[in-house]
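**Student:** Once you've had a glance at the structure underneath, I'll fire off some questions.
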Amino acid sequence: MQIDLRTVTIKPLRHTFDNIARRIGADKPASRYQEGTLDMQQEANYHYRPTWDPDHLIYDRDRTAIRMADWYGFKDPRQFYYGAYALARAKQQDTAEANFDFVENRGLAATLPDDIRDTVLKLLVPLRHVAWGGNMNNAAVCAYGYGTAFTQPCIYQAMDQLGIAQYLTRVGLLLGDVEALDAAKRAWMEDDTWQGLRRYVEDTMVLRDPVELFVAQNVALDGLLYPLVYETIIDDVLSAKGGTPVAMLTQFMTDWYAETRRWVDATVKTAAAESDANKAVVGGWIAQWRDRAAAALLPVGRIALGARADELTAEVVQQFNARMAKAGVPV
Amino acid sequence: MDMQAAKKKLGLKERYAVMTRGLDWTPSYQKMEDIYPYIAYEGIKIHDWDKWEDPFRLTMDAYWKYQAEKERKLYAIIDAFNQNNGHLNVTDARYINTVKLFVSGISPLEYVAHRGFAHAGRAFPGPGPRVACLMQSLDEIRHAQTQVHAISNYNKYYNGMHDFHHAHDRVWFLSVPKSFFDDAITAGPFEFMVAIGFSFEYVLTNLLFVPFVSGAAYNGDMGTMTFGFSAQSDEARHMTLGLEVIKFILEQDPANVPIVQRWIDKWTWRGYRVLTLVAMMMDYMLPKRTMSWKEAWEVYFEENGGALFKDLARYGITMPKCAEQIALEKDHLSHQAWSTFYNYAMAANFHTWMPDEDEMAWLAGKYPDSFDKHYRPRYAYWREQAAKGNRFYNKTLPMLCQTCQIPMIFTEPGDPTKICYREADYKGDKYHFCSDHCKKIFEDEPEKYVQAWLPVHQIYQGNCFPEGTDPSVEGFDPLAAVLRYYKLEHGRDNMDFDASEDKRNFAEWRGQATRNI
């Protein structure tokens with residue numbers, strides 16, 4: 001039996017906004033993701049051309065080589081609008097906070113074998129600069145991309161990358177000191193190990209096609225870096241050598257990657273499924289940036305993996321290829 | 001453990017610095033000007049981005065935690081308001097027209113702010129301002145969405161909002177707020193920050209956002225009020241960013257001062273012209289008034305803004321000259337605007353009406369120097385005509401100002417009996433303006449403002465009819481065709497409040513909710 005609470009019922013004139021009804025095919029209740037996303041970006045009758053880019057409209061489909069009949073064909077499987085996004089991240093940061101507390105309060109950082117600590121400092125701390133690049137690049141995709149369905153998740157991704165850069169900074173401060181941050185930055189600027197990756201990041205910062213930038217950053221670079229560093233190196237290799245506390249400190253990144261890749265895959269899939277031309281363009285970008293990213297990550301992987309780096313990086317690339325094939329872009 | 005104890009403890013400021021600017025580096029594989037291509041052309045000189053003082057220090061983990069808490073509360077209140085038919089608790093159904101104005105005129109601007117701050121943030125080579133701008137970009141999509149979500153329930157029961165995105169890009173008066181933000185986002189990143197971060201968010205926010213939220217609070221609209229209050233701490237951050245930006249730019253190089261002064265002059269006036277809509281909302285559309293437009297201008301601009309500009313005087317910045325003309329217009333602005341919307345009620349997505357006797361008395365009390373003399377007689381005449389069945393609807397199209405895009409309704413400064421017209425010639429064409437200030441803005445950047453998508457010109461050029469319309473057929477009704485292009489439902493979304501479905505439904509539903517019938 002259920003209890004029957006009564007409220008005064010008034011028959012509504014309509015169930016959602018007309019633009020939403022047109023898109024979902026009927027006047028029926030719409031989700032907050034739909035009402036907060038669909039057609040949010042202005043589409044017509046712009047008044048002025050950007051003084052910073054007079055060849056384009058304020059929002060312009062032609063900033064990319066990708067052609068979509070409808071840019072609202074993109075859907076975020078997480079259905080993130082701001083509120084849903086903030087709640088999801090707040091929960092994850094709660095866990096991250098508890099993990100940092102746990103490691104700090106029990107003095108677990110001090111129990112790490114010296115070689116593990118060194119490896120972690122050398123490997124993880126310079127990655128805060130890579131995340132900073134991810135912040136800038138996603139801000140650019142958000143600013144210059146077309147359609148809220150495509151651009152909205154990018155501001156979330158941008159700020160997530162900033163959050164990750166800040167978590168990595170905290171790892172550096174916890175396992176080392178401000179000097180550890182400085183040393184990592186020197187390595188980032190000068191050591192041969194990092195130059196391929198730094199060049200990659202700087203080269204993406206000058207990309208003008210927002211979808212290519214999306215591919216170079218979110219698909220190729222993060223698609224190899226996160227499985228290699230957080231899954232292979234930290235969760236498998238280092239944990240087996242007594243580095244489990246480090247896995248606790250990077251749980252945010254592991255969970256975040258598992259979540260965001262669903263959106264990245266959906267985006268690639270939608271763009272490629274639109275036309276053979278899109279598929280060819282996206283496929284070309286993925287292959288080109290994947291090869292560059294894999295080469296750039298190889299010396300970085302060696303910090304922790306030594307001679308096994310080639311083999312394990314190749315494995316990660318293989319998994320990446322399988323993932324792309326599943327998204328409809330065999331590369 | 002000893003090693004841990006020996007660690008240098010970072011102060012808040014140092015800690016925030018390693019969490020933000022410590023992440024940045026000077027590139028060597030690509031040139032600075034290729035990574036930051038939009039930073040030089042405005043002529044602003046920045047010598048040292050490190051001089052930037054972070055206006056607030058919020059790391060992402062703290063941001064997520066704090067914002068999620070606010071979102072939880074906000075959506076709980078919106079849900080309760082909706083479940084409880086909260087819309088029937090507003091003062092009277094006329095109030096809902098304020099909500100229509102807000103969602104079609106203002107909420108889409110929050111979205112442009114989101115994209116604009118993403119652009120500006122990405123464009124700045126300084127990590128401090130970049131992080132602050134990107135955080136604001138994230139906040140702005142929050143504001144756009146919470147507004148749409150809060151107002152979604154009103155749309156289910158009332159007319160005029162059902163296609164607000166479509167309307168925003170097309171309906172004649174909505175080109176006023178739209179062109180304002182288009183103007184800002186198409187400017188360079190520094191001007192965008194002065195336009196939106198400083199002039200809009202700092203100088204004018206108490207005259208724009210706040211009157212809507214206070215109006216909602218005074219009129220029983222808990223849904224709208226709650227998103228306003230929930231945005232308050234975001235707005236506080238945005239205001240400190242706006243102020244820091246201006247101080248930073250001014251301190252960097254004396255050559256920046258005249259550029260910034262021109263922008264402040266321009267954007268104060270541009271912003272003020274958009275506030276015309278707010279002025280009439282405050283004086284006419286809120287059944288329960290919070291304060292008059294004139295009082296709001298005096299408190300928030302003349303007093304508070306006056307103090308601000310005194311503070312900025314040490315940089316060589318002076319009060320915008322347009323303030324003098326605004327002071328002369330403050331007795332007239334809202335009345336001239338409301339008269340215009342009363343005229344053009346056929347082509348707007350909200351209802352208009354004539355104030356009742358009590359409201360006329362309130363207006364006369366708030367505007368002793370202008371209302372009885374210039375506006376009451378006009379209203380008395382219109383009311384009389386409406387009572388005889390001749391409710392006046394103007395079916396001709398007004399001339400628009402090339403810059404602010406408001407119909408040329410404003411009177412000469414100091415002479416409320418004479419319409420103010422200004423014009424300028426540019427490359428063989430004549431352009432029209434509502435004021436010296438709009439004319440000056442045009443003359444400073446004619447190449448920009450000749451591009452304006454003026455709704456009236458566009459209608460006359462045949463660009464505002466649904467596809468496939470043939471205006472040459474006999475009996476062609478241009479207004480009906482324009483309304484179809486706007487996707488406004490004639491007889492439901494437009495015209496006088498007295499005859500509206502909104503009014504009838506509200507009365508019936510309130511009866512249903514409060515009586516046993």
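Following the order of the structure tokens, chains are lettered A, B, ..., residues in each are numbered from 1, and ligands are numbered from 1.
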What residues in chain A have any atom no more than 7 Å from chain B when counting only C-alpha atoms, and can you write them as a ChimeraX atom specification?

**Tutor:** /A:8,12-19,32,36,39,41-42,44-52,58,82-83,86-87,89-90,93,110,128-129,132,136,139-140,142-143,155,163,166,169,177,199,202-203,205-206

**Student:** Dump N, CA and C atoms for the selected residues as a tab-separated table (two decimals), in the first residue's frame?

**Tutor:**
```tsv
chain	number	residue	atom	x	y	z
A	8	VAL	N	-2.64	20.28	-5.00
A	8	VAL	CA	-3.56	20.83	-5.99
A	8	VAL	C	-2.92	20.66	-7.37
A	12	PRO	N	-0.76	21.92	-16.88
A	12	PRO	CA	0.12	22.89	-17.53
A	12	PRO	C	-0.24	23.12	-19.00
A	13	LEU	N	0.12	24.29	-19.51
A	13	LEU	CA	-0.13	24.60	-20.93
A	13	LEU	C	0.85	23.86	-21.82
A	14	ARG	N	2.04	23.64	-21.29
A	14	ARG	CA	3.08	22.95	-22.07
A	14	ARG	C	4.06	22.34	-21.08
A	15	HIS	N	4.86	21.41	-21.54
A	15	HIS	CA	5.74	20.68	-20.62
A	15	HIS	C	7.19	21.10	-20.67
A	16	THR	N	7.56	21.73	-21.77
A	16	THR	CA	8.94	22.23	-21.85
A	16	THR	C	8.98	23.38	-22.85
A	17	PHE	N	10.16	23.93	-23.06
A	17	PHE	CA	10.32	25.00	-24.04
A	17	PHE	C	10.16	24.42	-25.45
A	18	ASP	N	9.71	25.26	-26.38
A	18	ASP	CA	9.43	24.78	-27.75
A	18	ASP	C	10.68	24.22	-28.43
A	19	ASN	N	11.82	24.87	-28.22
A	19	ASN	CA	13.03	24.39	-28.90
A	19	ASN	C	13.39	22.99	-28.42
A	32	ARG	N	16.94	18.32	-16.96
A	32	ARG	CA	17.69	19.56	-16.73
A	32	ARG	C	18.90	19.62	-17.64
A	36	GLY	N	19.19	22.77	-20.04
A	36	GLY	CA	20.37	23.60	-19.78
A	36	GLY	C	21.39	23.55	-20.91
A	39	ASP	N	20.41	24.37	-27.58
A	39	ASP	CA	20.24	25.72	-28.14
A	39	ASP	C	20.66	26.84	-27.19
A	41	GLN	N	23.50	28.20	-26.94
A	41	GLN	CA	24.34	29.15	-27.67
A	41	GLN	C	23.51	29.88	-28.73
A	42	GLN	N	23.72	31.17	-28.85
A	42	GLN	CA	23.04	31.94	-29.89
A	42	GLN	C	23.39	31.37	-31.26
A	44	ALA	N	21.86	32.87	-34.50
A	44	ALA	CA	21.52	33.66	-35.69
A	44	ALA	C	21.65	35.15	-35.43
A	45	ASN	N	21.79	35.89	-36.52
A	45	ASN	CA	21.72	37.36	-36.47
A	45	ASN	C	22.74	37.98	-35.52
A	46	TYR	N	23.95	37.52	-35.62
A	46	TYR	CA	25.02	38.14	-34.82
A	46	TYR	C	25.21	39.57	-35.31
A	47	HIS	N	25.57	40.44	-34.42
A	47	HIS	CA	25.66	41.85	-34.80
A	47	HIS	C	27.00	42.24	-35.40
A	48	TYR	N	28.07	41.73	-34.81
A	48	TYR	CA	29.41	42.17	-35.25
A	48	TYR	C	30.33	40.97	-35.38
A	49	ARG	N	31.32	41.14	-36.22
A	49	ARG	CA	32.36	40.11	-36.32
A	49	ARG	C	33.38	40.32	-35.22
A	50	PRO	N	33.98	39.26	-34.72
A	50	PRO	CA	35.01	39.43	-33.68
A	50	PRO	C	36.17	40.28	-34.23
A	51	THR	N	36.56	41.30	-33.51
A	51	THR	CA	37.72	42.09	-33.96
A	51	THR	C	38.98	41.23	-33.87
A	52	TRP	N	38.94	40.17	-33.07
A	52	TRP	CA	40.11	39.30	-32.91
A	52	TRP	C	40.11	38.17	-33.94
A	58	ILE	N	30.86	35.15	-34.49
A	58	ILE	CA	31.16	34.95	-33.07
A	58	ILE	C	31.25	33.45	-32.77
A	82	TYR	N	25.74	22.21	-15.13
A	82	TYR	CA	26.61	22.67	-14.06
A	82	TYR	C	26.33	21.97	-12.72
A	83	GLY	N	25.04	21.91	-12.35
A	83	GLY	CA	24.70	21.36	-11.04
A	83	GLY	C	25.13	19.91	-10.90
A	86	ALA	N	28.96	19.82	-10.67
A	86	ALA	CA	29.51	20.26	-9.38
A	86	ALA	C	29.29	19.19	-8.30
A	87	LEU	N	28.11	18.56	-8.32
A	87	LEU	CA	27.84	17.53	-7.32
A	87	LEU	C	28.77	16.33	-7.50
A	89	ARG	N	31.78	16.28	-8.86
A	89	ARG	CA	33.15	16.59	-8.47
A	89	ARG	C	33.28	16.79	-6.95
A	90	ALA	N	32.23	17.33	-6.33
A	90	ALA	CA	32.29	17.54	-4.88
A	90	ALA	C	32.44	16.19	-4.17
A	93	GLN	N	35.96	15.00	-4.70
A	93	GLN	CA	36.96	15.73	-3.91
A	93	GLN	C	36.86	15.34	-2.44
A	110	ALA	N	55.99	8.88	4.62
A	110	ALA	CA	57.32	8.56	5.12
A	110	ALA	C	57.63	7.06	5.01
A	128	ARG	N	52.02	18.15	-13.60
A	128	ARG	CA	51.12	19.27	-13.29
A	128	ARG	C	51.15	20.30	-14.41
A	129	HIS	N	52.28	20.41	-15.10
A	129	HIS	CA	52.35	21.36	-16.22
A	129	HIS	C	51.56	20.84	-17.42
A	132	TRP	N	48.05	21.65	-16.74
A	132	TRP	CA	47.84	23.09	-16.97
A	132	TRP	C	47.61	23.36	-18.47
A	136	MET	N	44.26	24.98	-20.43
A	136	MET	CA	44.23	26.01	-21.48
A	136	MET	C	43.58	25.49	-22.75
A	139	ALA	N	39.85	25.17	-22.42
A	139	ALA	CA	39.25	26.51	-22.42
A	139	ALA	C	39.11	27.00	-23.86
A	140	ALA	N	40.12	26.71	-24.68
A	140	ALA	CA	40.07	27.14	-26.08
A	140	ALA	C	38.97	26.40	-26.84
A	142	CYS	N	36.27	25.22	-25.61
A	142	CYS	CA	35.01	25.79	-25.14
A	142	CYS	C	34.76	27.15	-25.79
A	143	ALA	N	35.79	27.97	-25.87
A	143	ALA	CA	35.61	29.33	-26.40
A	143	ALA	C	35.33	29.33	-27.90
A	155	ILE	N	34.43	23.21	-20.69
A	155	ILE	CA	34.78	24.10	-19.56
A	155	ILE	C	34.89	23.25	-18.29
A	163	GLY	N	42.12	21.35	-11.54
A	163	GLY	CA	42.03	20.62	-10.27
A	163	GLY	C	43.09	19.53	-10.19
A	166	GLN	N	46.39	20.86	-9.50
A	166	GLN	CA	46.49	21.24	-8.09
A	166	GLN	C	46.65	20.03	-7.19
A	169	THR	N	50.18	19.06	-7.51
A	169	THR	CA	51.01	19.98	-6.72
A	169	THR	C	51.01	19.54	-5.25
A	177	ASP	N	58.67	18.89	-1.29
A	177	ASP	CA	58.65	20.22	-0.71
A	177	ASP	C	58.48	21.20	-1.87
A	199	ARG	N	57.03	19.80	-25.95
A	199	ARG	CA	56.81	20.27	-27.32
A	199	ARG	C	55.39	19.92	-27.79
A	202	GLU	N	52.99	22.41	-26.15
A	202	GLU	CA	53.09	23.75	-26.74
A	202	GLU	C	52.56	23.75	-28.17
A	203	ASP	N	52.81	22.68	-28.88
A	203	ASP	CA	52.28	22.61	-30.26
A	203	ASP	C	50.76	22.57	-30.29
A	205	MET	N	48.90	24.11	-28.21
A	205	MET	CA	48.41	25.43	-27.82
A	205	MET	C	48.24	26.39	-28.99
A	206	VAL	N	48.81	26.05	-30.13
A	206	VAL	CA	48.65	26.94	-31.28
A	206	VAL	C	47.67	26.36	-32.30
```

**Student:** Run DSSP on the backbone and tell me which residues of segment 67-289 of chain A come out as helix (DSSP H, G or I); list them as a PyMOL selection string.

**Tutor:** chain A and resi 71-73+82-105+108-111+114-124+127-144+148-175+178-190+192-204+210-240+244-249+251-274+276-289

**Student:** Need the shell around Lys366 of chain B: protein/DNA/RNA residues with any atom at most 12 Å away, counting only C-alpha atoms. Skip same-chain ones fewer than 3 positions apart. Format as a PyMOL selection string?

**Tutor:** chain B and resi 282-283+289+291-296+330-332+334-335+359-363+369-372

**Student:** Neighbours of Ala273 of chain A within 12 Å (only C-alpha atoms; same-chain residues fewer than 4 positions away dropped), as a list in words?

**Tutor:**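 The residues satisfying every condition are Ile66, Arg67, Met68, Ala69, Gly73, Phe74, Asp265, Ala266, Thr267, Val268, Lys269, Ala277, Asn278, Lys279, Ala280, Val281, Val282, Gly283, Lys326, Ala327, Gly328 and Val329 of chain A.
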
**Student:** Give the answer as one residue: which of A:Ile234, A:Leu225, A:Val215, A:Leu181 has the shortest atom-to-atom distance to Ala295 of chain A, using only C-alpha atoms?

**Tutor:**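 Closest to Ala295 of chain A, using only C-alpha atoms: A:Leu225.
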
**Student:** Residues at most 9 Å from segment 298-303 of chain A, counting only C-alpha atoms, excluding those fewer than 4 positions away in the same chain, as a list of chain:residue names?

**Tutor:**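 Counting only the stated atoms, we get A:Thr119, A:Val120, A:Lys122, A:Leu123, A:Asp192, A:Thr193, A:Trp194, A:Gly196, A:Leu197, A:Leu228, A:Val229, A:Ile233, A:Ala293, A:Ala294, A:Ala307, A:Arg308, A:Ala309, A:Asp310, A:Leu312, A:Thr313.
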
**Student:** Those selected residues, please, written with N, CA and C atoms and delivered as a PDB file, in the first residue's frame.

**Tutor:**
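The resulting file, out29.pdb, is shown below:
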```pdb
ATOM      1  N   THR A 119      60.815   8.192  -7.671  1.00  0.00           N
ATOM      2  CA  THR A 119      60.155   7.933  -8.952  1.00  0.00           C
ATOM      3  C   THR A 119      58.883   8.764  -9.072  1.00  0.00           C
ATOM      4  N   VAL A 120      58.106   8.766  -7.994  1.00  0.00           N
ATOM      5  CA  VAL A 120      56.830   9.484  -8.026  1.00  0.00           C
ATOM      6  C   VAL A 120      57.062  10.982  -8.225  1.00  0.00           C
ATOM      7  N   LYS A 122      59.627  12.432  -9.553  1.00  0.00           N
ATOM      8  CA  LYS A 122      60.165  12.690 -10.900  1.00  0.00           C
ATOM      9  C   LYS A 122      59.099  12.532 -11.985  1.00  0.00           C
ATOM     10  N   LEU A 123      58.202  11.603 -11.752  1.00  0.00           N
ATOM     11  CA  LEU A 123      57.216  11.297 -12.789  1.00  0.00           C
ATOM     12  C   LEU A 123      55.972  12.185 -12.671  1.00  0.00           C
ATOM     13  N   ASP A 192      65.893  16.170 -21.129  1.00  0.00           N
ATOM     14  CA  ASP A 192      65.516  15.534 -22.385  1.00  0.00           C
ATOM     15  C   ASP A 192      64.251  14.686 -22.243  1.00  0.00           C
ATOM     16  N   THR A 193      64.137  14.045 -21.069  1.00  0.00           N
ATOM     17  CA  THR A 193      62.984  13.183 -20.817  1.00  0.00           C
ATOM     18  C   THR A 193      61.656  13.862 -21.150  1.00  0.00           C
ATOM     19  N   TRP A 194      61.592  15.145 -20.810  1.00  0.00           N
ATOM     20  CA  TRP A 194      60.306  15.838 -20.884  1.00  0.00           C
ATOM     21  C   TRP A 194      60.116  16.670 -22.148  1.00  0.00           C
ATOM     22  N   GLY A 196      59.977  16.105 -25.361  1.00  0.00           N
ATOM     23  CA  GLY A 196      58.995  15.667 -26.361  1.00  0.00           C
ATOM     24  C   GLY A 196      57.584  16.012 -25.919  1.00  0.00           C
ATOM     25  N   LEU A 197      57.317  15.784 -24.650  1.00  0.00           N
ATOM     26  CA  LEU A 197      55.976  16.044 -24.132  1.00  0.00           C
ATOM     27  C   LEU A 197      55.700  17.550 -24.068  1.00  0.00           C
ATOM     28  N   LEU A 228      48.638   4.994 -19.087  1.00  0.00           N
ATOM     29  CA  LEU A 228      50.040   4.654 -18.847  1.00  0.00           C
ATOM     30  C   LEU A 228      50.466   5.038 -17.431  1.00  0.00           C
ATOM     31  N   VAL A 229      50.221   6.279 -17.054  1.00  0.00           N
ATOM     32  CA  VAL A 229      50.735   6.762 -15.772  1.00  0.00           C
ATOM     33  C   VAL A 229      49.896   6.253 -14.598  1.00  0.00           C
ATOM     34  N   ILE A 233      51.374   2.437 -14.418  1.00  0.00           N
ATOM     35  CA  ILE A 233      52.516   2.685 -13.535  1.00  0.00           C
ATOM     36  C   ILE A 233      52.102   2.735 -12.072  1.00  0.00           C
ATOM     37  N   ALA A 293      52.029  11.526 -29.368  1.00  0.00           N
ATOM     38  CA  ALA A 293      51.866  11.404 -27.911  1.00  0.00           C
ATOM     39  C   ALA A 293      52.610  10.172 -27.400  1.00  0.00           C
ATOM     40  N   ALA A 294      52.497   9.068 -28.136  1.00  0.00           N
ATOM     41  CA  ALA A 294      53.160   7.832 -27.692  1.00  0.00           C
ATOM     42  C   ALA A 294      54.673   8.038 -27.638  1.00  0.00           C
ATOM     43  N   ALA A 307      63.390  -0.329 -18.738  1.00  0.00           N
ATOM     44  CA  ALA A 307      63.429  -1.026 -20.019  1.00  0.00           C
ATOM     45  C   ALA A 307      62.055  -1.534 -20.450  1.00  0.00           C
ATOM     46  N   ARG A 308      61.118  -1.665 -19.488  1.00  0.00           N
ATOM     47  CA  ARG A 308      59.794  -2.193 -19.864  1.00  0.00           C
ATOM     48  C   ARG A 308      58.903  -1.130 -20.498  1.00  0.00           C
ATOM     49  N   ALA A 309      59.405   0.091 -20.547  1.00  0.00           N
ATOM     50  CA  ALA A 309      58.577   1.191 -21.030  1.00  0.00           C
ATOM     51  C   ALA A 309      58.055   0.953 -22.445  1.00  0.00           C
ATOM     52  N   ASP A 310      58.948   0.464 -23.326  1.00  0.00           N
ATOM     53  CA  ASP A 310      58.524   0.265 -24.721  1.00  0.00           C
ATOM     54  C   ASP A 310      57.366  -0.716 -24.809  1.00  0.00           C
ATOM     55  N   LEU A 312      55.263  -1.724 -22.400  1.00  0.00           N
ATOM     56  CA  LEU A 312      54.013  -1.313 -21.754  1.00  0.00           C
ATOM     57  C   LEU A 312      53.350  -0.152 -22.488  1.00  0.00           C
ATOM     58  N   THR A 313      54.156   0.747 -23.056  1.00  0.00           N
ATOM     59  CA  THR A 313      53.569   1.832 -23.842  1.00  0.00           C
ATOM     60  C   THR A 313      52.879   1.257 -25.077  1.00  0.00           C
TER      61      THR A 313
END
```

**Student:** Just how far from atom CA of Asn82 of chain B is atom CA of Asp221 of chain B, in Å to one decimal?

**Tutor:**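 Atom CA of Asn82 of chain B lies at a distance of 10.9 Å from atom CA of Asp221 of chain B.
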
**Student:** From the options A:Leu124, A:Val237, A:Ala247, A:Ala158, which residue's atoms come nearest to Phe100 of chain A, counting only C-alpha atoms?

**Tutor:** A:Ala247
